[in-house]
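Engineer: Below you'll find query-v3.pdb; it's PDB, C-alpha atoms and all ligand atoms.
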ATOM      1  CA  MET A  11      13.852 -47.023  82.641
ATOM      2  CA  SER A  12      16.782 -47.668  80.332
ATOM      3  CA  LYS A  13      18.596 -51.015  80.271
ATOM      4  CA  ASN A  14      21.697 -48.998  80.928
ATOM      5  CA  ALA A  15      20.342 -47.677  84.224
ATOM      6  CA  LYS A  16      19.417 -51.191  85.385
ATOM      7  CA  ALA A  17      22.882 -52.498  84.508
ATOM      8  CA  LEU A  18      24.569 -49.568  86.267
ATOM      9  CA  ALA A  19      22.391 -50.013  89.351
ATOM     10  CA  ASP A  20      23.417 -53.696  89.461
ATOM     11  CA  GLN A  21      27.069 -52.689  89.132
ATOM     12  CA  ILE A  22      26.688 -50.128  91.927
ATOM     13  CA  ARG A  23      24.887 -52.589  94.220
ATOM     14  CA  GLY A  24      27.732 -55.031  93.587
ATOM     15  CA  ILE A  25      30.167 -52.456  94.982
ATOM     16  CA  ALA A  26      28.088 -50.651  97.619
ATOM     17  CA  GLY A  27      25.680 -53.345  98.790
ATOM     18  CA  ASP A  28      22.024 -54.098  98.185
ATOM     19  CA  ALA A  29      20.363 -51.830 100.764
ATOM     20  CA  PRO A  30      18.043 -49.443  98.931
ATOM     21  CA  VAL A  31      19.053 -45.807  98.659
ATOM     22  CA  GLN A  32      16.530 -43.392 100.188
ATOM     23  CA  ILE A  33      17.634 -39.944  99.034
ATOM     24  CA  GLY A  34      19.838 -38.564  96.258
ATOM     25  CA  LEU A  35      21.919 -35.430  96.773
ATOM     26  CA  ILE A  36      23.482 -33.436  93.954
ATOM     27  CA  LEU A  37      26.303 -31.265  95.263
ATOM     28  CA  GLY A  38      27.184 -27.950  93.668
ATOM     29  CA  SER A  39      30.239 -25.722  94.047
ATOM     30  CA  GLY A  40      31.606 -25.576  97.572
ATOM     31  CA  LEU A  41      29.689 -28.596  98.844
ATOM     32  CA  GLY A  42      31.765 -31.448  97.454
ATOM     33  CA  HIS A  43      33.335 -32.155 100.836
ATOM     34  CA  ILE A  44      29.976 -33.429 102.171
ATOM     35  CA  ALA A  45      30.537 -36.494 100.002
ATOM     36  CA  ASP A  46      33.728 -37.229 101.985
ATOM     37  CA  THR A  47      31.740 -37.488 105.215
ATOM     38  CA  VAL A  48      29.415 -40.224 103.933
ATOM     39  CA  ASP A  49      30.099 -43.565 105.575
ATOM     40  CA  GLY A  50      30.190 -45.625 102.407
ATOM     41  CA  VAL A  51      31.828 -46.192  99.056
ATOM     42  CA  ALA A  52      32.955 -43.643  96.447
ATOM     43  CA  ILE A  53      32.687 -44.761  92.819
ATOM     44  CA  PRO A  54      34.407 -42.475  90.265
ATOM     45  CA  TYR A  55      32.052 -41.426  87.455
ATOM     46  CA  GLY A  56      34.718 -42.735  85.086
ATOM     47  CA  ASP A  57      33.923 -46.286  86.305
ATOM     48  CA  LEU A  58      30.229 -45.848  85.463
ATOM     49  CA  PRO A  59      29.763 -46.028  81.673
ATOM     50  CA  GLY A  60      27.514 -43.236  80.438
ATOM     51  CA  PHE A  61      27.955 -41.060  83.522
ATOM     52  CA  PRO A  62      28.943 -37.496  82.699
ATOM     53  CA  HIS A  63      32.525 -36.399  83.099
ATOM     54  CA  ALA A  64      31.478 -33.325  85.122
ATOM     55  CA  GLY A  65      34.714 -31.571  84.352
ATOM     56  CA  VAL A  66      34.006 -28.293  86.156
ATOM     57  CA  SER A  67      36.632 -27.247  88.675
ATOM     58  CA  GLY A  68      35.160 -27.164  92.175
ATOM     59  CA  HIS A  69      33.155 -30.327  91.497
ATOM     60  CA  ASN A  70      34.101 -33.798  92.668
ATOM     61  CA  PRO A  71      33.026 -36.423  90.092
ATOM     62  CA  ASN A  72      32.230 -39.410  92.298
ATOM     63  CA  LEU A  73      29.033 -41.199  93.172
ATOM     64  CA  VAL A  74      29.142 -41.904  96.889
ATOM     65  CA  ILE A  75      26.710 -44.435  98.355
ATOM     66  CA  GLY A  76      26.382 -44.836 102.090
ATOM     67  CA  ASP A  77      25.084 -43.465 105.350
ATOM     68  CA  LEU A  78      24.749 -39.755 106.069
ATOM     69  CA  GLU A  79      23.039 -38.791 109.336
ATOM     70  CA  GLY A  80      21.362 -42.192 109.476
ATOM     71  CA  VAL A  81      19.952 -42.088 105.936
ATOM     72  CA  ARG A  82      21.191 -44.185 103.034
ATOM     73  CA  VAL A  83      22.087 -41.639 100.390
ATOM     74  CA  ALA A  84      23.527 -41.513  96.891
ATOM     75  CA  VAL A  85      25.638 -38.383  96.617
ATOM     76  CA  PHE A  86      26.507 -37.020  93.188
ATOM     77  CA  GLY A  87      29.697 -35.103  93.919
ATOM     78  CA  GLY A  88      29.534 -33.332  90.595
ATOM     79  CA  ARG A  89      26.933 -32.727  87.953
ATOM     80  CA  ALA A  90      27.052 -32.241  84.230
ATOM     81  CA  HIS A  91      25.930 -28.809  83.091
ATOM     82  CA  TYR A  92      24.324 -27.996  79.765
ATOM     83  CA  TYR A  93      27.154 -25.579  79.018
ATOM     84  CA  GLU A  94      29.778 -28.347  79.134
ATOM     85  CA  ASN A  95      28.573 -30.226  76.072
ATOM     86  CA  GLY A  96      25.253 -28.771  74.941
ATOM     87  CA  LYS A  97      23.270 -31.680  76.393
ATOM     88  CA  ALA A  98      20.388 -30.547  78.580
ATOM     89  CA  ASP A  99      19.678 -34.188  79.510
ATOM     90  CA  ALA A 100      23.203 -35.022  80.658
ATOM     91  CA  MET A 101      21.934 -35.909  84.171
ATOM     92  CA  ARG A 102      19.196 -38.233  82.897
ATOM     93  CA  LEU A 103      21.147 -41.468  83.305
ATOM     94  CA  PRO A 104      22.418 -40.620  86.829
ATOM     95  CA  LEU A 105      18.860 -39.788  87.907
ATOM     96  CA  GLU A 106      17.503 -42.974  86.320
ATOM     97  CA  VAL A 107      20.137 -44.897  88.256
ATOM     98  CA  LEU A 108      19.148 -43.092  91.446
ATOM     99  CA  ARG A 109      15.553 -44.212  91.014
ATOM    100  CA  GLU A 110      16.651 -47.728  90.145
ATOM    101  CA  LEU A 111      18.648 -47.817  93.396
ATOM    102  CA  GLY A 112      15.402 -47.168  95.303
ATOM    103  CA  ALA A 113      15.397 -43.432  96.006
ATOM    104  CA  ASP A 114      12.123 -41.524  95.868
ATOM    105  CA  ARG A 115      13.617 -38.028  96.105
ATOM    106  CA  VAL A 116      16.543 -35.865  95.126
ATOM    107  CA  ILE A 117      17.828 -32.664  96.673
ATOM    108  CA  ALA A 118      20.017 -30.511  94.450
ATOM    109  CA  THR A 119      22.350 -27.762  95.589
ATOM    110  CA  ASN A 120      23.956 -25.065  93.506
ATOM    111  CA  ALA A 121      25.811 -21.766  93.526
ATOM    112  CA  ALA A 122      23.788 -18.785  92.360
ATOM    113  CA  GLY A 123      23.854 -15.026  91.927
ATOM    114  CA  SER A 124      21.294 -12.989  93.865
ATOM    115  CA  MET A 125      18.887 -10.400  92.511
ATOM    116  CA  GLN A 126      17.634  -9.446  95.976
ATOM    117  CA  ALA A 127      19.507  -6.900  98.082
ATOM    118  CA  ASP A 128      18.316  -8.616 101.261
ATOM    119  CA  MET A 129      19.796 -11.931 100.081
ATOM    120  CA  PRO A 130      23.512 -11.048  99.941
ATOM    121  CA  THR A 131      26.568 -13.168  99.237
ATOM    122  CA  GLY A 132      26.778 -15.938 101.825
ATOM    123  CA  SER A 133      22.983 -16.372 102.071
ATOM    124  CA  ILE A 134      21.155 -19.551 101.201
ATOM    125  CA  MET A 135      17.857 -19.817  99.318
ATOM    126  CA  CYS A 136      15.399 -22.705  99.206
ATOM    127  CA  LEU A 137      13.901 -22.846  95.713
ATOM    128  CA  SER A 138      10.134 -22.424  95.692
ATOM    129  CA  ASP A 139       9.921 -22.491  91.888
ATOM    130  CA  HIS A 140      11.972 -21.780  88.804
ATOM    131  CA  ILE A 141      11.935 -19.874  85.538
ATOM    132  CA  ASN A 142      13.487 -21.762  82.648
ATOM    133  CA  PHE A 143      15.005 -18.722  80.987
ATOM    134  CA  SER A 144      17.226 -20.893  78.779
ATOM    135  CA  GLY A 145      14.330 -22.168  76.664
ATOM    136  CA  LEU A 146      16.079 -25.559  76.674
ATOM    137  CA  ASN A 147      14.520 -28.735  77.974
ATOM    138  CA  PRO A 148      16.075 -32.095  78.866
ATOM    139  CA  LEU A 149      12.974 -33.912  77.576
ATOM    140  CA  ILE A 150      13.201 -32.687  73.991
ATOM    141  CA  GLY A 151      13.341 -35.861  71.914
ATOM    142  CA  GLU A 152      11.663 -38.030  74.558
ATOM    143  CA  PRO A 153       9.089 -39.935  72.472
ATOM    144  CA  THR A 154       6.536 -40.955  75.113
ATOM    145  CA  ASP A 155       3.601 -38.947  76.455
ATOM    146  CA  ALA A 156       5.409 -38.967  79.801
ATOM    147  CA  ARG A 157       7.333 -35.988  78.390
ATOM    148  CA  PHE A 158       4.372 -33.719  79.216
ATOM    149  CA  VAL A 159       5.459 -33.352  82.830
ATOM    150  CA  PRO A 160       3.360 -31.152  85.116
ATOM    151  CA  MET A 161       5.652 -28.648  86.844
ATOM    152  CA  LYS A 162       3.324 -27.242  89.517
ATOM    153  CA  ASP A 163       4.847 -27.929  92.918
ATOM    154  CA  ALA A 164       7.956 -29.276  91.181
ATOM    155  CA  TYR A 165       9.828 -28.257  94.335
ATOM    156  CA  ASP A 166       8.059 -30.624  96.696
ATOM    157  CA  PRO A 167       6.107 -28.685  99.350
ATOM    158  CA  GLU A 168       6.596 -31.383 102.009
ATOM    159  CA  ILE A 169      10.366 -31.535 101.522
ATOM    160  CA  ARG A 170      10.525 -27.743 101.506
ATOM    161  CA  ALA A 171       8.614 -27.612 104.793
ATOM    162  CA  ALA A 172      10.989 -30.180 106.301
ATOM    163  CA  LEU A 173      14.024 -28.202 105.063
ATOM    164  CA  ARG A 174      12.514 -25.045 106.583
ATOM    165  CA  LYS A 175      12.047 -26.853 109.893
ATOM    166  CA  ALA A 176      15.665 -28.057 109.767
ATOM    167  CA  ALA A 177      16.859 -24.492 109.081
ATOM    168  CA  ASP A 178      14.814 -23.114 111.990
ATOM    169  CA  THR A 179      16.062 -25.839 114.325
ATOM    170  CA  ALA A 180      19.684 -25.108 113.342
ATOM    171  CA  ASP A 181      19.031 -21.357 113.646
ATOM    172  CA  VAL A 182      20.091 -20.857 110.020
ATOM    173  CA  GLU A 183      18.504 -18.075 108.027
ATOM    174  CA  MET A 184      17.233 -19.477 104.711
ATOM    175  CA  ALA A 185      15.382 -17.384 102.139
ATOM    176  CA  ASP A 186      12.675 -18.754  99.843
ATOM    177  CA  GLY A 187      12.860 -17.759  96.206
ATOM    178  CA  ILE A 188      12.603 -18.347  92.506
ATOM    179  CA  TYR A 189      15.646 -19.514  90.560
ATOM    180  CA  ALA A 190      16.163 -18.630  86.917
ATOM    181  CA  TRP A 191      18.177 -21.017  84.760
ATOM    182  CA  TYR A 192      20.499 -19.219  82.419
ATOM    183  CA  SER A 193      22.534 -21.597  80.252
ATOM    184  CA  GLY A 194      26.006 -20.118  80.831
ATOM    185  CA  PRO A 195      28.915 -20.560  80.670
ATOM    186  CA  SER A 196      29.283 -16.798  80.235
ATOM    187  CA  PHE A 197      27.718 -14.902  83.107
ATOM    188  CA  GLU A 198      24.673 -12.745  82.454
ATOM    189  CA  THR A 199      24.766  -9.132  81.358
ATOM    190  CA  PRO A 200      23.276  -6.499  83.685
ATOM    191  CA  ALA A 201      20.420  -6.059  81.156
ATOM    192  CA  GLU A 202      19.651  -9.798  81.301
ATOM    193  CA  ILE A 203      19.649  -9.658  85.086
ATOM    194  CA  ARG A 204      17.264  -6.690  85.090
ATOM    195  CA  ALA A 205      15.018  -8.643  82.703
ATOM    196  CA  ILE A 206      14.838 -11.829  84.789
ATOM    197  CA  LYS A 207      14.392  -9.812  87.974
ATOM    198  CA  LEU A 208      11.410  -8.110  86.322
ATOM    199  CA  LEU A 209      10.062 -11.553  85.407
ATOM    200  CA  GLY A 210      10.079 -12.544  89.069
ATOM    201  CA  ALA A 211      13.351 -14.372  89.629
ATOM    202  CA  ASP A 212      15.269 -13.939  92.899
ATOM    203  CA  ALA A 213      18.464 -15.797  91.955
ATOM    204  CA  VAL A 214      20.191 -16.973  88.801
ATOM    205  CA  GLY A 215      22.375 -19.947  88.018
ATOM    206  CA  MET A 216      23.519 -22.416  85.380
ATOM    207  CA  SER A 217      22.184 -25.734  86.700
ATOM    208  CA  THR A 218      19.429 -27.507  88.672
ATOM    209  CA  VAL A 219      16.434 -26.727  86.421
ATOM    210  CA  PRO A 220      17.122 -29.560  83.925
ATOM    211  CA  GLU A 221      17.691 -31.948  86.844
ATOM    212  CA  VAL A 222      14.412 -31.003  88.487
ATOM    213  CA  ILE A 223      12.526 -31.457  85.191
ATOM    214  CA  LEU A 224      14.163 -34.879  84.778
ATOM    215  CA  ALA A 225      13.448 -35.832  88.391
ATOM    216  CA  ARG A 226       9.756 -35.025  87.987
ATOM    217  CA  PHE A 227       9.696 -36.931  84.690
ATOM    218  CA  LEU A 228      11.113 -39.957  86.513
ATOM    219  CA  GLY A 229       8.643 -39.643  89.383
ATOM    220  CA  LEU A 230      11.264 -38.516  91.887
ATOM    221  CA  LYS A 231      10.320 -35.779  94.355
ATOM    222  CA  ALA A 232      12.659 -32.813  94.078
ATOM    223  CA  ALA A 233      13.945 -29.920  96.144
ATOM    224  CA  ALA A 234      16.886 -27.559  95.782
ATOM    225  CA  ILE A 235      18.880 -25.028  97.765
ATOM    226  CA  SER A 236      21.199 -22.327  96.403
ATOM    227  CA  THR A 237      24.234 -20.824  98.063
ATOM    228  CA  ILE A 238      24.506 -17.201  97.010
ATOM    229  CA  THR A 239      28.072 -16.586  95.882
ATOM    230  CA  ASN A 240      27.610 -13.087  94.441
ATOM    231  CA  MET A 241      25.144 -10.354  93.673
ATOM    232  CA  ALA A 242      24.068 -10.875  90.051
ATOM    233  CA  ALA A 243      25.605  -8.732  87.298
ATOM    234  CA  GLY A 244      24.939  -5.036  87.700
ATOM    235  CA  MET A 245      23.435  -5.443  91.184
ATOM    236  CA  SER A 246      26.645  -4.380  92.941
ATOM    237  CA  ASP A 247      30.315  -3.697  92.289
ATOM    238  CA  GLU A 248      31.160  -7.235  93.366
ATOM    239  CA  ASN A 249      33.485  -9.127  91.084
ATOM    240  CA  ILE A 250      31.792 -11.985  89.165
ATOM    241  CA  SER A 251      33.989 -14.894  88.124
ATOM    242  CA  HIS A 252      34.261 -18.641  88.619
ATOM    243  CA  GLU A 253      37.151 -18.004  91.029
ATOM    244  CA  HIS A 254      34.902 -15.713  93.046
ATOM    245  CA  THR A 255      32.105 -18.325  93.009
ATOM    246  CA  LYS A 256      34.493 -20.958  94.371
ATOM    247  CA  ALA A 257      35.899 -18.561  96.985
ATOM    248  CA  MET A 258      32.472 -17.461  98.248
ATOM    249  CA  ALA A 259      30.635 -20.800  98.042
ATOM    250  CA  PRO A 260      31.938 -22.106 101.387
ATOM    251  CA  ILE A 261      30.177 -19.287 103.330
ATOM    252  CA  GLY A 262      26.689 -20.347 102.280
ATOM    253  CA  ALA A 263      27.745 -23.979 102.017
ATOM    254  CA  ALA A 264      28.369 -24.171 105.768
ATOM    255  CA  LYS A 265      24.768 -23.047 106.371
ATOM    256  CA  LEU A 266      23.394 -25.320 103.678
ATOM    257  CA  GLU A 267      25.232 -28.284 105.175
ATOM    258  CA  LYS A 268      23.582 -27.677 108.562
ATOM    259  CA  VAL A 269      20.151 -27.607 106.927
ATOM    260  CA  LEU A 270      20.814 -30.768 104.903
ATOM    261  CA  ARG A 271      22.159 -32.683 107.881
ATOM    262  CA  GLY A 272      19.223 -31.582 110.032
ATOM    263  CA  TYR A 273      16.798 -32.629 107.302
ATOM    264  CA  LEU A 274      18.421 -36.040 106.935
ATOM    265  CA  LYS A 275      18.503 -36.631 110.708
ATOM    266  CA  ALA A 276      14.779 -35.953 110.847
ATOM    267  CA  GLN A 277      14.173 -38.515 108.061
ATOM    268  CA  ALA A 278      16.302 -41.238 109.663
TER
HETATM  269  N1  LIG A 301      25.082 -16.236  87.422
HETATM  270  C1  LIG A 301      24.980 -17.522  86.997
HETATM  271  N2  LIG A 301      25.460 -18.547  87.667
HETATM  272  C2  LIG A 301      26.060 -18.283  88.838
HETATM  273  C3  LIG A 301      26.197 -16.986  89.340
HETATM  274  C4  LIG A 301      25.672 -15.912  88.595
HETATM  275  O1  LIG A 301      25.760 -14.730  88.968
HETATM  276  N3  LIG A 301      26.865 -17.099  90.523
HETATM  277  C5  LIG A 301      27.096 -18.418  90.710
HETATM  278  N4  LIG A 301      26.623 -19.142  89.699
END
Translate this structure into structure tokens?

Structural biologist:
Amino acid sequence: MSKNAKALADQIRGIAGDAPVQIGLILGSGLGHIADTVDGVAIPYGDLPGFPHAGVSGHNPNLVIGDLEGVRVAVFGGRAHYYENGKADAMRLPLEVLRELGADRVIATNAAGSMQADMPTGSIMCLSDHINFSGLNPLIGEPTDARFVPMKDAYDPEIRAALRKAADTADVEMADGIYAWYSGPSFETPAEIRAIKLLGADAVGMSTVPEVILARFLGLKAAAISTITNMAAGMSDENISHEHTKAMAPIGAAKLEKVLRGYLKAQA
């Protein structure tokens, strides 16, 4: 654990109180408003030295610590993406801080394009696994043997089962599927989408995979849910753009929010 993370955790406890955080949530496009419903304190990333600037429109760069459905959470309102600055490990410090604050798990959310006709825009998908199509890795340069992180069951089976139960209880349809990380920021070509579909991916996006690798490296359990904002390139005539992602994200986000809240309530 870096000295930096310990110092930041002390700073955060000084603002938000000493009670240990249980769960970290990383919010993707369309989900930022969940942070506003946490009963707690919002700390702008800019006040936390070393935190990423997360300058993507549709993201809300605050760390919010407080109570959500009876669970003490740390909500990352925005994330840093590899495509912003070429750093695959940009979320390392925030995740180190999360662990230092006491959390044992992190749930990431994201917007993604679908490669499955029966998972249309507005669906949500619980990640069962991923394909790191980018070839990048946030642990390149890590000098210790801890860098050899096993990635079987990286998406924690127990958390996934609990998320499934929460979805069933809320009567929300949630697919299970494999997410391919494509670096972005340009969207994929139809040929790239055909290739990753052939390799076994169900959805594609520009985030989450480096965070899950880092979480496992740090000993945090991980899970992730996508909101499908479009059919991937070449899968339909649907327009693909960041504007479209932001416009469509709220449809799946409303479902995802029900699942997350149900999950948290069951953990409280
Ligand atoms: N590709 C990559 N990232 C995305 C997409 C997509 O089609 N939709 C939302 N994020």

Engineer: Report as a CSV table (one decimal) with C-alpha atoms, in the frame of the given file the full result of the PyMOL selection byres (((not hetatm)) within 7 of (chain A and resi 301)) when it is applied to this structure.

Structural biologist:
chain,number,residue,atom,x,y,z
A,121,ALA,CA,25.8,-21.8,93.5
A,122,ALA,CA,23.8,-18.8,92.4
A,123,GLY,CA,23.9,-15.0,91.9
A,124,SER,CA,21.3,-13.0,93.9
A,192,TYR,CA,20.5,-19.2,82.4
A,194,GLY,CA,26.0,-20.1,80.8
A,197,PHE,CA,27.7,-14.9,83.1
A,198,GLU,CA,24.7,-12.7,82.5
A,214,VAL,CA,20.2,-17.0,88.8
A,215,GLY,CA,22.4,-19.9,88.0
A,216,MET,CA,23.5,-22.4,85.4
A,238,ILE,CA,24.5,-17.2,97.0
A,239,THR,CA,28.1,-16.6,95.9
A,240,ASN,CA,27.6,-13.1,94.4
A,241,MET,CA,25.1,-10.4,93.7
A,242,ALA,CA,24.1,-10.9,90.1
A,243,ALA,CA,25.6,-8.7,87.3
A,250,ILE,CA,31.8,-12.0,89.2
A,255,THR,CA,32.1,-18.3,93.0

Engineer: For region 133-225 of chain A versus region 85-107 of chain A, which residues have an atom no more than 10 Å away, and what is each residue's nearest atom pair and distance in Å rounded to one decimal, using all atoms listed in the file, chain-then-number order, as a Markdown table?

Structural biologist:
| residue | atom | partner | partner_atom | distance |
| --- | --- | --- | --- | --- |
| A:Leu146 | CA | A:Ala98 | CA | 6.9 |
| A:Asn147 | CA | A:Ala98 | CA | 6.2 |
| A:Pro148 | CA | A:Asp99 | CA | 4.2 |
| A:Leu149 | CA | A:Asp99 | CA | 7.0 |
| A:Ile150 | CA | A:Asp99 | CA | 8.6 |
| A:Tyr192 | CA | A:Tyr93 | CA | 9.8 |
| A:Ser193 | CA | A:Tyr93 | CA | 6.2 |
| A:Gly194 | CA | A:Tyr93 | CA | 5.9 |
| A:Pro195 | CA | A:Tyr93 | CA | 5.6 |
| A:Ser196 | CA | A:Tyr93 | CA | 9.1 |
| A:Met216 | CA | A:His91 | CA | 7.2 |
| A:Ser217 | CA | A:His91 | CA | 6.0 |
| A:Thr218 | CA | A:His91 | CA | 8.7 |
| A:Val219 | CA | A:Ala98 | CA | 9.6 |
| A:Pro220 | CA | A:Ala98 | CA | 6.3 |
| A:Glu221 | CA | A:Met101 | CA | 6.4 |
| A:Val222 | CA | A:Leu105 | CA | 9.9 |
| A:Ile223 | CA | A:Asp99 | CA | 9.5 |
| A:Leu224 | CA | A:Arg102 | CA | 6.3 |
| A:Ala225 | CA | A:Leu105 | CA | 6.7 |

Engineer: Convert the output of the PyMOL selection byres (((chain A and resi 25) around 12) and not hetatm) on the shown file into explicit residues, formatted as an mmCIF file with C-alpha atoms, keeping the file's coordinate frame.

Structural biologist:
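Final output, selection.cif:
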data_model
loop_
_atom_site.group_PDB
_atom_site.id
_atom_site.type_symbol
_atom_site.label_atom_id
_atom_site.label_comp_id
_atom_site.auth_asym_id
_atom_site.auth_seq_id
_atom_site.Cartn_x
_atom_site.Cartn_y
_atom_site.Cartn_z
ATOM 1 C CA LEU A 18 24.569 -49.568 86.267
ATOM 2 C CA ALA A 19 22.391 -50.013 89.351
ATOM 3 C CA ASP A 20 23.417 -53.696 89.461
ATOM 4 C CA GLN A 21 27.069 -52.689 89.132
ATOM 5 C CA ILE A 22 26.688 -50.128 91.927
ATOM 6 C CA ARG A 23 24.887 -52.589 94.220
ATOM 7 C CA GLY A 24 27.732 -55.031 93.587
ATOM 8 C CA ALA A 26 28.088 -50.651 97.619
ATOM 9 C CA GLY A 27 25.680 -53.345 98.790
ATOM 10 C CA ASP A 28 22.024 -54.098 98.185
ATOM 11 C CA ALA A 29 20.363 -51.830 100.764
ATOM 12 C CA GLY A 50 30.190 -45.625 102.407
ATOM 13 C CA VAL A 51 31.828 -46.192 99.056
ATOM 14 C CA ALA A 52 32.955 -43.643 96.447
ATOM 15 C CA ILE A 53 32.687 -44.761 92.819
ATOM 16 C CA PRO A 54 34.407 -42.475 90.265
ATOM 17 C CA ASP A 57 33.923 -46.286 86.305
ATOM 18 C CA LEU A 58 30.229 -45.848 85.463
ATOM 19 C CA LEU A 73 29.033 -41.199 93.172
ATOM 20 C CA VAL A 74 29.142 -41.904 96.889
ATOM 21 C CA ILE A 75 26.710 -44.435 98.355
ATOM 22 C CA GLY A 76 26.382 -44.836 102.090
#

Engineer: For the structure provided, state which residues fall under the PyMOL selection byres (((chain A and resi 276) around 10) and not hetatm), and present them as a list in words.

Structural biologist: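 Listing what the PyMOL selection byres (((chain A and resi 276) around 10) and not hetatm) selects in the shown file: Glu79, Gly80, Val81, Ala172, Leu173, Lys175, Ala176, Leu270, Arg271, Gly272, Tyr273, Leu274, Lys275, Gln277 and Ala278 of chain A.
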
Engineer: Take the residues that were just selected and, keeping C-alpha atoms, output them as a PDB file, keeping the file's coordinate frame.

Structural biologist:
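Once written, result.pdb looks like this:
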ATOM      1  CA  GLU A  79      23.039 -38.791 109.336  1.00  0.00           C
ATOM      2  CA  GLY A  80      21.362 -42.192 109.476  1.00  0.00           C
ATOM      3  CA  VAL A  81      19.952 -42.088 105.936  1.00  0.00           C
ATOM      4  CA  ALA A 172      10.989 -30.180 106.301  1.00  0.00           C
ATOM      5  CA  LEU A 173      14.024 -28.202 105.063  1.00  0.00           C
ATOM      6  CA  LYS A 175      12.047 -26.853 109.893  1.00  0.00           C
ATOM      7  CA  ALA A 176      15.665 -28.057 109.767  1.00  0.00           C
ATOM      8  CA  LEU A 270      20.814 -30.768 104.903  1.00  0.00           C
ATOM      9  CA  ARG A 271      22.159 -32.683 107.881  1.00  0.00           C
ATOM     10  CA  GLY A 272      19.223 -31.582 110.032  1.00  0.00           C
ATOM     11  CA  TYR A 273      16.798 -32.629 107.302  1.00  0.00           C
ATOM     12  CA  LEU A 274      18.421 -36.040 106.935  1.00  0.00           C
ATOM     13  CA  LYS A 275      18.503 -36.631 110.708  1.00  0.00           C
ATOM     14  CA  GLN A 277      14.173 -38.515 108.061  1.00  0.00           C
ATOM     15  CA  ALA A 278      16.302 -41.238 109.663  1.00  0.00           C
TER      16      ALA A 278
END

Engineer: Ranking A:Asp114, A:Asp139, A:Asp46, A:Asp166 by minimum distance to Asp186 (chain A) and counting only C-alpha atoms, which one comes first?

Structural biologist: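 The shortest atom-to-atom distance to Asp186 (chain A) comes from A:Asp139.
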
Engineer: So, with only C-alpha atoms as the atoms that count, which of A:Met161, A:Ala156, A:Ala259, A:Ile117 lies closest to Ser133 (chain A)?

Structural biologist: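 So, comparing all the options, the nearest one is A:Ala259.
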
Engineer: May I have the residues within 10 Å of Arg226 (chain A) as a list in words, using all atoms listed in the file and disregarding those fewer than 6 positions away in the same chain?

Structural biologist: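 Answer for this query is Arg115, Val116, Arg157, Val159, Pro160, Met161, Asp163, Ala164, Tyr165, Asp166 and Ala232 of chain A.
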
Engineer: Store the residues of this selection in a file with C-alpha atoms, as a PDB file, in the coordinates of the input.

Structural biologist:
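The resulting file, part.pdb, is reproduced below:
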ATOM      1  CA  ARG A 115      13.617 -38.028  96.105  1.00  0.00           C
ATOM      2  CA  VAL A 116      16.543 -35.865  95.126  1.00  0.00           C
ATOM      3  CA  ARG A 157       7.333 -35.988  78.390  1.00  0.00           C
ATOM      4  CA  VAL A 159       5.459 -33.352  82.830  1.00  0.00           C
ATOM      5  CA  PRO A 160       3.360 -31.152  85.116  1.00  0.00           C
ATOM      6  CA  MET A 161       5.652 -28.648  86.844  1.00  0.00           C
ATOM      7  CA  ASP A 163       4.847 -27.929  92.918  1.00  0.00           C
ATOM      8  CA  ALA A 164       7.956 -29.276  91.181  1.00  0.00           C
ATOM      9  CA  TYR A 165       9.828 -28.257  94.335  1.00  0.00           C
ATOM     10  CA  ASP A 166       8.059 -30.624  96.696  1.00  0.00           C
ATOM     11  CA  ALA A 232      12.659 -32.813  94.078  1.00  0.00           C
TER      12      ALA A 232
END

Engineer: Between A:Ile33, A:Leu41, A:Ala190, A:Met184, single out the one closest to Met258 (chain A), counting all atoms listed in the file.

Structural biologist: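 Using all atoms listed in the file, the shortest distance to Met258 (chain A) belongs to A:Leu41.
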
Engineer: Need the shell around Arg82 (chain A): protein/DNA/RNA residues with any atom at most 6 Å away, counting only C-alpha atoms. Skip same-chain ones fewer than 4 positions apart. Format as a PyMOL selection string?

Structural biologist: chain A and resi 31-32+76-77

Engineer: For CA of Gly262 (chain A) and CA of Thr131 (chain A), quote the distance in Å rounded to one decimal.

Structural biologist: 7.8 Å

Engineer: Can you pull out the residues contacting Gly42 (chain A)? Cut-off 8 Å, using only C-alpha atoms, and skip same-chain residues under 3 positions away; I want them as a list in words.

Structural biologist: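 Near neighbours after the sequence-gap exclusion: Leu37, Gly38, Ser39, Ala45, Asp46, Gly68, His69, Asn70, Gly87 and Gly88 of chain A.
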
Engineer: Let me make sure I understand: among A:Pro260, A:Leu266, A:Gly60, A:Lys162, which one has the smallest atom-to-atom distance to Gly40 (chain A) if we use all atoms listed in the file?

Structural biologist: A:Pro260

Engineer: Report the distance between CA of Val48 (chain A) and CA of Ala180 (chain A) in Å, rounded to one decimal place.

Structural biologist: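 Rounded to one decimal, the two atoms are 20.3 Å apart.
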
Engineer: Go ahead and fit an axis-aligned box to every listed atom of region 107-119 of chain A plus 4 Å each side, and pass me the centre and edge lengths in Å, one decimal, as JSON.

Structural biologist:
{"center_x": 17.2, "center_y": -37.8, "center_z": 92.5, "size_x": 18.2, "size_y": 28.1, "size_z": 16.4}

Engineer: In Å, how far is it from CA of His43 (chain A) to CA of Ile134 (chain A)?

Structural biologist: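 Separation between CA of His43 (chain A) and CA of Ile134 (chain A): 17.5 Å.
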
Engineer: Using only C-alpha atoms, which of the listed residues (A:Lys207, A:Lys13, A:Lys231, A:His254) sits closest to Leu35 (chain A)?

Structural biologist: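 Selected residue with least distance to Leu35 (chain A): A:Lys231.
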